Amino acid sequence: MTTVATQGTQAVQLTGVSKVFGRGAEALCALDQVSLTVAPGEFVCLIGASGCGKSTLLSLVAGLEQPTSGTISVSTKQVALMFQEPALFPWLTAAANVELALRARKVPKAERRQRTEELLDLVHLSGFGAKRPHELSGGMRQRIALARSLAQDADVLLMDEPFGALDAMTRDLLHDELDRIRDGRPFTVLFVTHNVREAVRLGDRVVLLSSHPGRVAGEFEVPIPRPRRIDSAPVAELAATITDKLKEAIAGHD
Amino acid sequence: MIEAIDQLDAVPAAGSRSNRGRRIWAGTWPKLAALIIVLVIWQLIHLSGWKKLVFPGPAPTLANLGDQAGTSLFWHAVGTTMQRAVVGFAVAVLIGVVVGALVSRNRPLRAAIGSLITGLQTMPSIAWFPFAIIIFGISNSAIVFVIVLGAAPSVANGLIAGVDYTPPLLLRAGKMMGLRRWSLYRHLILPASLPSFVAGLRQGWAFSWRSLMAGELLVIIGNEPSLGVLLSTDQDQTDMPSVMAIMIVILILGIIAHTAFGAADKAIRRRWGLDISV
């Protein structure tokens with residue numbers, strides 16, 4: 001019934017996970033018997049209509065909430081979570097936000113400054129370390145948030161619609177950035193989005209969740225070679241197929 | 001490519017320092033104008049002949065203030081009053097922080113005394129004086145006791161509100177980063193509650209200043225000159241210019257303290273980007 005760290009072959013494994021909020025007649029079943037495995041180094045995108053429990057699923061994997069039933073195992077203790085909002089601490093500079101994550105996992109002080117520099121460099125923001133979050137654009141903030149997540153040195157990165165609030169151009173660039181960063185260090189990603197094209201652009205696999213309650217309604221391998229473009233024909237084609245299936249999943253409930 | 005977007009996106013830097021003199025002037029002249037208007041109205045009332053025997057015009061009052069400011073008695077009195085204010089406020093902050101921190105973390109404790117703190121805050125501090133005088137006698141302790149009771153609830157409430165309104169998203173982010181207990185407090189909850197805490201300090205100071213003035217008029221300690229004692233003596237002698245001069249001093253001290261807290265508040269807001277218009 002709890003999130004346990006195991007040395008299994010899967011990075012993340014959910015078995016028959018249900019999550020019910022509230023009790024009795026008021027009870028709301030957010031997730032119903034969800035089973036899902038994510039291999040180490042795999043990039044899995046979760047899509048579904050709003051209210052299908054996508055975010056709840058990430059909270060469960062992150063250990064911020066406990067499942068009502070079922071088991072969740074994560075192969076590592078280091079799990080990072082990135083939100084739709086950057087969630088940077090406004091009283092700290094960009095660099096200090098990144099450094100705090102290093103500090104929280106007890107990286108020695110001498111090493112921290114250099115690691116922070118490297119991470120800022122990785123998200124192409126080396127010159128912006130001294131800025132405060134409010135002095136940065138939305139895209140820059142989200143890149144700082146990404147650098148902060150990477151600072152946790154996690155093997156599993158959970159991303160909850162991290163680019164949902166950004167304009168299309170910035171989002172496309174951040175997709176490229178994410179691919180580039182994972183070329184250097186192929187960590188596992190569980191990525192929640194409601195944008196089917198984004199899911200196909202990024203994922204090795206796309207998992208479709210139905211809503212009320214959330215159930216796995218379909219899975220799609222994405223055999224498109226990288227580098228990918230969100231506006232390329234194969235991406236659009238697969239996205240169209242998945243969208244049709246998504247519509248069925250939603251319609252089946254009304 | 002992404003750097004090019006950043007160039008477009010970058011928020012322009014704040015205005016240069018050369019504007020500073022102009023900005024200070026822009027903030028100062030309305031205050032000067034208001035002061036002049038008050039003096040003019042005061043002079044007009046005086047000229048109208050209202051309560052002519054006891055109500056002085058601005059000139060003799062300000063002259064009286066100048067005379068008093070040349071005496072060591074006056075500065076001794078200001079010193080005593082300010083010392084009480086600072087000591088009382090410091091004790092209030094200490095107690096307010098401890099109580100606020102405990103109550104914000106402990107649910108039963110909050111249920112027990114949370115509303116009591118708010119209740120204490122609404123109680124006029126002057127009502128505490130009979131109690132304080134019976135317990136501590138006519139002494140400094142009686143005054144400080146009432147200052148602490150007046151100010152500590154505001155300080156505690158400011159801290160509690162700050163902790164309560166720590167954004168849940170930041171709490172989640174902090175927990176994901178691995179911040180726990182003390183480090184969560186130190187790196188997230190305390191800084192996040194700072195604006196509300198400073199607001200509490202500011203209100204606490206206002207309450208302690210009021211309690212202090214009430215206390216100095218009620219608890220007259222022999223051969224210990226304070227602003228309250230001066231005011232009280234001048235009242236006994238029907239020395240209106242002196243009374244009004246001391247009132248002006250009290251007003252000025254209050255404004256100075258208020259400005260200091262306001263500056264602290266503004267500095268925090270600017271640092272956080274809550275108020276980039278400044």
# chains A, B, ... in the order shown; residues from 1 in each chain; ligands from 1

$ interface_residues --of "chain A" --to "chain B" --cutoff "9 Å" --atoms "only C-alpha atoms" --output "number ranges by chain"
A: 62-64, 79-83, 85, 87-92, 100-102, 104-105, 124-125, 132-140, 148-149, 152, 169-170, 173-174, 177

$ select_by_dssp --residues "stretch 102-228 of chain A" --states "helix (DSSP H, G or I)" --output "VMD selection string"
chain A and resid 102 to 104 109 to 122 126 to 128 133 to 135 138 to 151 168 to 184 196 to 202

$ select_by_dssp --residues "stretch 155-235 of chain A" --states "strand (DSSP E)" --output "tab-separated table (two decimals) with C-alpha atoms, in the first residue's frame"
chain	number	residue	atom	x	y	z
A	156	VAL	CA	13.45	9.50	-12.38
A	157	LEU	CA	12.10	12.89	-13.41
A	158	LEU	CA	8.36	13.41	-13.11
A	159	MET	CA	7.04	16.30	-15.17
A	160	ASP	CA	3.51	17.63	-14.65
A	188	THR	CA	13.77	8.14	-16.87
A	189	VAL	CA	10.92	10.56	-17.49
A	190	LEU	CA	7.24	10.28	-16.71
A	191	PHE	CA	5.68	13.26	-18.46
A	192	VAL	CA	2.07	14.38	-18.05
A	193	THR	CA	0.46	16.51	-20.74
A	205	ARG	CA	5.71	5.55	-25.36
A	206	VAL	CA	2.38	7.32	-24.88
A	207	VAL	CA	-0.09	6.07	-22.29
A	208	LEU	CA	-3.69	7.14	-22.59
A	209	LEU	CA	-5.78	7.60	-19.45
A	210	SER	CA	-9.58	7.72	-19.51
A	215	ARG	CA	-7.91	4.07	-16.13
A	216	VAL	CA	-5.31	3.08	-18.68
A	217	ALA	CA	-7.26	3.22	-21.94
A	218	GLY	CA	-4.47	2.51	-24.37
A	219	GLU	CA	-0.73	2.49	-24.96
A	220	PHE	CA	1.17	3.54	-28.07
A	221	GLU	CA	4.81	2.96	-28.91

$ residues_around --residues "A:Asp121" --least-positions-apart "6" --cutoff "12 Å" --atoms "only C-alpha atoms" --output "count of residues only"
14

$ closest_residue --among "B:Pro60, B:Gly150, B:Gly228, B:Gly49" --to "B:Thr81" --atoms "only C-alpha atoms"
B:Gly228

$ atom_distance --atom1 "atom CA of B:Phe197" --atom2 "atom CA of B:Leu116"
18.8 Å

$ residues_around --residues "stretch 101-109 of chain B" --least-positions-apart "6" --cutoff "8 Å" --atoms "only C-alpha atoms" --output "count of residues only"
5

$ atom_distance --atom1 "atom CA of A:Lys19" --atom2 "atom CA of A:Arg197"
27.9 Å

$ closest_residue --among "A:Gly203, A:Pro108, A:Gly70, A:Gly214" --to "A:Glu42" --atoms "only C-alpha atoms"
A:Gly203

$ residues_around --residues "A:Phe163" --least-positions-apart "4" --cutoff "8 Å" --atoms "only C-alpha atoms" --output "mmCIF file with C-alpha atoms, in the first residue's frame"
data_model
loop_
_atom_site.group_PDB
_atom_site.id
_atom_site.type_symbol
_atom_site.label_atom_id
_atom_site.label_comp_id
_atom_site.auth_asym_id
_atom_site.auth_seq_id
_atom_site.Cartn_x
_atom_site.Cartn_y
_atom_site.Cartn_z
ATOM 1 C CA GLN A 84 3.410 23.384 -14.552
ATOM 2 C CA GLN A 142 10.869 26.908 -16.332
ATOM 3 C CA ARG A 171 7.829 25.131 -25.813
ATOM 4 C CA LEU A 174 12.438 23.447 -24.613
#

$ residues_around --residues "stretch 212-222 of chain B" --least-positions-apart "2" --cutoff "10 Å" --atoms "only C-alpha atoms" --output "MDAnalysis selection string"
chainID B and resid 81:82 84:85 88 125:126 128:130 132:133 137:140 142:148 150 206:210 224:233 250

$ decode --residues "stretch 125-139 of chain A" --atoms "N, CA and C atoms" --output "PDB file, in the first residue's frame"
ATOM      1  N   LEU A 125      21.569  29.223 -19.335  1.00  0.00           N
ATOM      2  CA  LEU A 125      21.242  30.425 -18.568  1.00  0.00           C
ATOM      3  C   LEU A 125      22.409  30.854 -17.679  1.00  0.00           C
ATOM      4  N   SER A 126      23.643  30.610 -18.127  1.00  0.00           N
ATOM      5  CA  SER A 126      24.803  30.910 -17.273  1.00  0.00           C
ATOM      6  C   SER A 126      24.839  32.367 -16.852  1.00  0.00           C
ATOM      7  N   GLY A 127      24.423  33.276 -17.739  1.00  0.00           N
ATOM      8  CA  GLY A 127      24.534  34.697 -17.413  1.00  0.00           C
ATOM      9  C   GLY A 127      23.433  35.209 -16.508  1.00  0.00           C
ATOM     10  N   PHE A 128      22.482  34.320 -16.137  1.00  0.00           N
ATOM     11  CA  PHE A 128      21.285  34.799 -15.439  1.00  0.00           C
ATOM     12  C   PHE A 128      21.191  34.350 -13.987  1.00  0.00           C
ATOM     13  N   GLY A 129      22.293  33.767 -13.490  1.00  0.00           N
ATOM     14  CA  GLY A 129      22.278  33.230 -12.134  1.00  0.00           C
ATOM     15  C   GLY A 129      21.926  34.248 -11.073  1.00  0.00           C
ATOM     16  N   ALA A 130      22.316  35.513 -11.290  1.00  0.00           N
ATOM     17  CA  ALA A 130      22.102  36.526 -10.251  1.00  0.00           C
ATOM     18  C   ALA A 130      20.717  37.145 -10.308  1.00  0.00           C
ATOM     19  N   LYS A 131      19.935  36.790 -11.342  1.00  0.00           N
ATOM     20  CA  LYS A 131      18.588  37.370 -11.465  1.00  0.00           C
ATOM     21  C   LYS A 131      17.626  36.685 -10.496  1.00  0.00           C
ATOM     22  N   ARG A 132      16.612  37.433 -10.105  1.00  0.00           N
ATOM     23  CA  ARG A 132      15.546  36.824  -9.317  1.00  0.00           C
ATOM     24  C   ARG A 132      14.470  36.321 -10.263  1.00  0.00           C
ATOM     25  N   PRO A 133      13.689  35.311  -9.809  1.00  0.00           N
ATOM     26  CA  PRO A 133      12.703  34.706 -10.713  1.00  0.00           C
ATOM     27  C   PRO A 133      11.818  35.727 -11.430  1.00  0.00           C
ATOM     28  N   HIS A 134      11.402  36.784 -10.735  1.00  0.00           N
ATOM     29  CA  HIS A 134      10.476  37.726 -11.374  1.00  0.00           C
ATOM     30  C   HIS A 134      11.134  38.525 -12.483  1.00  0.00           C
ATOM     31  N   GLU A 135      12.479  38.474 -12.542  1.00  0.00           N
ATOM     32  CA  GLU A 135      13.171  39.207 -13.599  1.00  0.00           C
ATOM     33  C   GLU A 135      13.364  38.353 -14.850  1.00  0.00           C
ATOM     34  N   LEU A 136      12.902  37.102 -14.789  1.00  0.00           N
ATOM     35  CA  LEU A 136      13.077  36.187 -15.921  1.00  0.00           C
ATOM     36  C   LEU A 136      11.742  35.959 -16.620  1.00  0.00           C
ATOM     37  N   SER A 137      11.833  35.560 -17.893  1.00  0.00           N
ATOM     38  CA  SER A 137      10.608  35.244 -18.636  1.00  0.00           C
ATOM     39  C   SER A 137      10.102  33.870 -18.219  1.00  0.00           C
ATOM     40  N   GLY A 138       8.868  33.558 -18.606  1.00  0.00           N
ATOM     41  CA  GLY A 138       8.268  32.275 -18.240  1.00  0.00           C
ATOM     42  C   GLY A 138       9.115  31.078 -18.657  1.00  0.00           C
ATOM     43  N   GLY A 139       9.634  31.152 -19.901  1.00  0.00           N
ATOM     44  CA  GLY A 139      10.457  30.055 -20.403  1.00  0.00           C
ATOM     45  C   GLY A 139      11.751  29.907 -19.619  1.00  0.00           C
TER      46      GLY A 139
END
